[in-house]
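Novice: Got a structure for you, written out below as structure tokens; questions coming shortly.
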Amino acid sequence: MLSYRGYAPNVFPAGTAGLSPASHPAAEPAVRKLSTIAAEEVIAVKEPGPLAQQLLIYRGVAQNACMSLIFRPRPLLLLALCLASLQCNAGANSGSSTNKTPENAPVTHYSYQIVNIFPHDANAFTQGLIFVDGNLYEGTGQQGESSLREVDLKTGNVLKKVDVPEPYFAEGITLLNGKIYQLTWQHQVGFIYDAQKFEQIGKFNYDGEGWGLTNDGHSLILSDGSNRLRFIDPDSFRVTKTIAVFDDGGKPIKDLNELEYIDGQIYTNVWHKDYILIIDPQNGRVTGWIDLSGLLQPGDVHDEEAVLNGIAYDPAGKRLFVTGKLWPRIFEIKIKPQS
Ligand SMILES: [Ca+2]
């Protein structure tokens with residue numbers, strides 16, 4: 001294996017990593033913005049171009065927007081990489097500019113209106129919330145208290161429950177193709193359940209921490225407390241794409257937590273914040289900002305960790321639900337652009 005750190009416009013277009021579509025048109029899917037490639041991401045490249053035939057796999061590591069690429073050594077590629085290695089600093093500069101939300105990009109700021117209020121188990125340390133086919137599911141955390149639940153929306157009663165044993169601290173959940181996937185915080189293992197039988201049927205592994213989870217109908221989408229979201233194949237559990245989220249000043253927005261994929265956008269609340277970000281899954285750009293301050297009344301919660309952490313969406317009824325850890329209520333809200 002050859003370890004290579006660098007980037008060159010003659011090999012990779014400015015602000016991207018991968019094979020140039022000009023010289024290798026079939027390689028275009030491998031050309032990626034630097035800001036969308038995260039640590040330890042492995043990307044298979046399968047296109048048939050002559051140079052691409054030399055390239056089997058590369059591992060992209062974003063380090064200050066300078067790429068580290070690991071190739072299997074082949075002569076043609078070695079030459080290209082030697083040329084490219086001279087350009088690292090320039091690449092880093094141009095790469096970092098792609099991280100920012102363009103100045104002219106519209107970011108819509110939303111306020112909310114409460115449509116309904118439902119009871120919620122004030123002992124539930126909510127880490128995941130989803131609404132699928134008329135059913136509300138919740139994942140709860142804390143060691144010894146973690147669970148997967150099906151909950152009656154109107155009463156708050158727990159209809160079904162699977163306890164997650166110690167030492168696991170359960171995190172986000174999502175339902176895809178009849179299976180519920182549930183993360184754990186620091187054990188790098190997730191659990192897979194049959195959604196109908198409500199029984200665990202498998203496990204999967206991932207690197208780093210697990211915080212929030214959702215899906216776009218194809219990939220699991222995972223947050224880990226950083227500003228990055230990983231797209232994970234639900235069969236191989238390989239990371240297929242990573243996006244990074246920055247504010248309009250170019251500063252990483254860390255602590256992305258509970259997630260919900262709604263109408264082609266990713267909604268995420270941010271740990272210890274009273275707002276939800278709406279994120280473009282193509283590039284991580286923040287397109288919306290929902291201010292949810294004022295949902296709780298003074299005295300509703302008594303724990304400093306009782307923070308906003310639950311987003312669920314009912315696509316049939318177009319209903320948006322939000323709640324938080326240890327919150328006594330689930331709120332159905334409508335969002336509206338601020339005037
Ligand atoms: Ca959710």
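Ordering of the structure tokens sets the chain letters (A, B, ...), residue numbers begin anew at 1 in every chain, and ligands are numbered from 1 in the order given.
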Please extract the residues at most 8 Å from ligand 1, counting only C-alpha atoms and all ligand atoms, and provide them as a PyMOL selection string, using the chain letters and residue numbers of this document.

Specialist: chain A and resi 128-130+172-174+212-214+258-261+310-313

Novice: Give me every strand (DSSP E or B) residue in range 156-220 of chain A, going by DSSP on the backbone, as a count of residues only.

Specialist: 36

Novice: One decimal, in Å: what's the spacing between CA of Gln127 in chain A and CA of Glu171 in chain A?

Specialist: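 Computing it gives 4.9 Å between the two atoms.
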
Novice: Between A:Gly264, A:Tyr193, A:Phe321, A:Ile117, single out the one closest to Gly217 in chain A, counting only C-alpha atoms.

Specialist: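 Result for the nearest residue to Gly217 in chain A: A:Gly264.
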
Novice: Using only C-alpha atoms for the distances, tell me which of A:Ile114, A:Gly156, A:Glu150, A:Asn283 is nearest to Leu296 in chain A.

Specialist: A:Ile114

Novice: Using Å and a single decimal, report how far CA of His187 in chain A sits from CA of Pro328 in chain A.

Specialist: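 Rounded to one decimal, the two atoms are 28.8 Å apart.
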
Novice: Rounded to one decimal place, report the CA of Gly144 in chain A-CA of Ala170 in chain A distance in Å.

Specialist: 9.7 Å

Novice: Which residues, written as a VMD selection string, have at least one atom at most 7 Å from Thr287 in chain A, with only C-alpha atoms counted and residues fewer than 5 positions away on the same chain left out?

Specialist: chain A and resid 106 to 108 278 to 280

Novice: Can you pull out the residues contacting Asp163 in chain A? Cut-off 9 Å, using only C-alpha atoms, and skip same-chain residues under 3 positions away; I want them as an mmCIF file with C-alpha atoms, in the first residue's frame.

Specialist:
```cif
data_model
loop_
_atom_site.group_PDB
_atom_site.id
_atom_site.type_symbol
_atom_site.label_atom_id
_atom_site.label_comp_id
_atom_site.auth_asym_id
_atom_site.auth_seq_id
_atom_site.Cartn_x
_atom_site.Cartn_y
_atom_site.Cartn_z
ATOM 1 C CA GLY A 144 -29.780 0.062 32.606
ATOM 2 C CA GLU A 145 -32.714 2.129 31.331
ATOM 3 C CA SER A 146 -32.189 1.876 27.602
ATOM 4 C CA SER A 147 -35.021 0.519 25.521
ATOM 5 C CA LEU A 148 -36.863 0.372 22.258
ATOM 6 C CA ARG A 149 -40.556 1.151 22.605
#
```

Novice: Please list as a list in words every residue within 8 Å of Tyr110 in chain A, counting only C-alpha atoms and excluding residues in the same chain fewer than 5 positions away.

Specialist: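 Surrounding residues, per the criterion: Gly288, Trp289, Ile290, Asp291, Ile335, Lys336, Pro337 and Gln338 of chain A.
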
Novice: Counting only C-alpha atoms, what is within 12 Å of Phe191 in chain A, bar same-chain residues fewer than 5 positions away, as an NGL selection string?

Specialist: :A and (139 or 147-148 or 162-165 or 168-175 or 179-185 or 198-206 or 210 or 234)

Novice: Which residue out of A:Val158, A:Leu220, A:Thr126, A:Tyr275 has the minimum interatomic distance to Ala306 in chain A when only C-alpha atoms are used?

Specialist: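 For Ala306 in chain A, the nearest of the given residues is A:Thr126.
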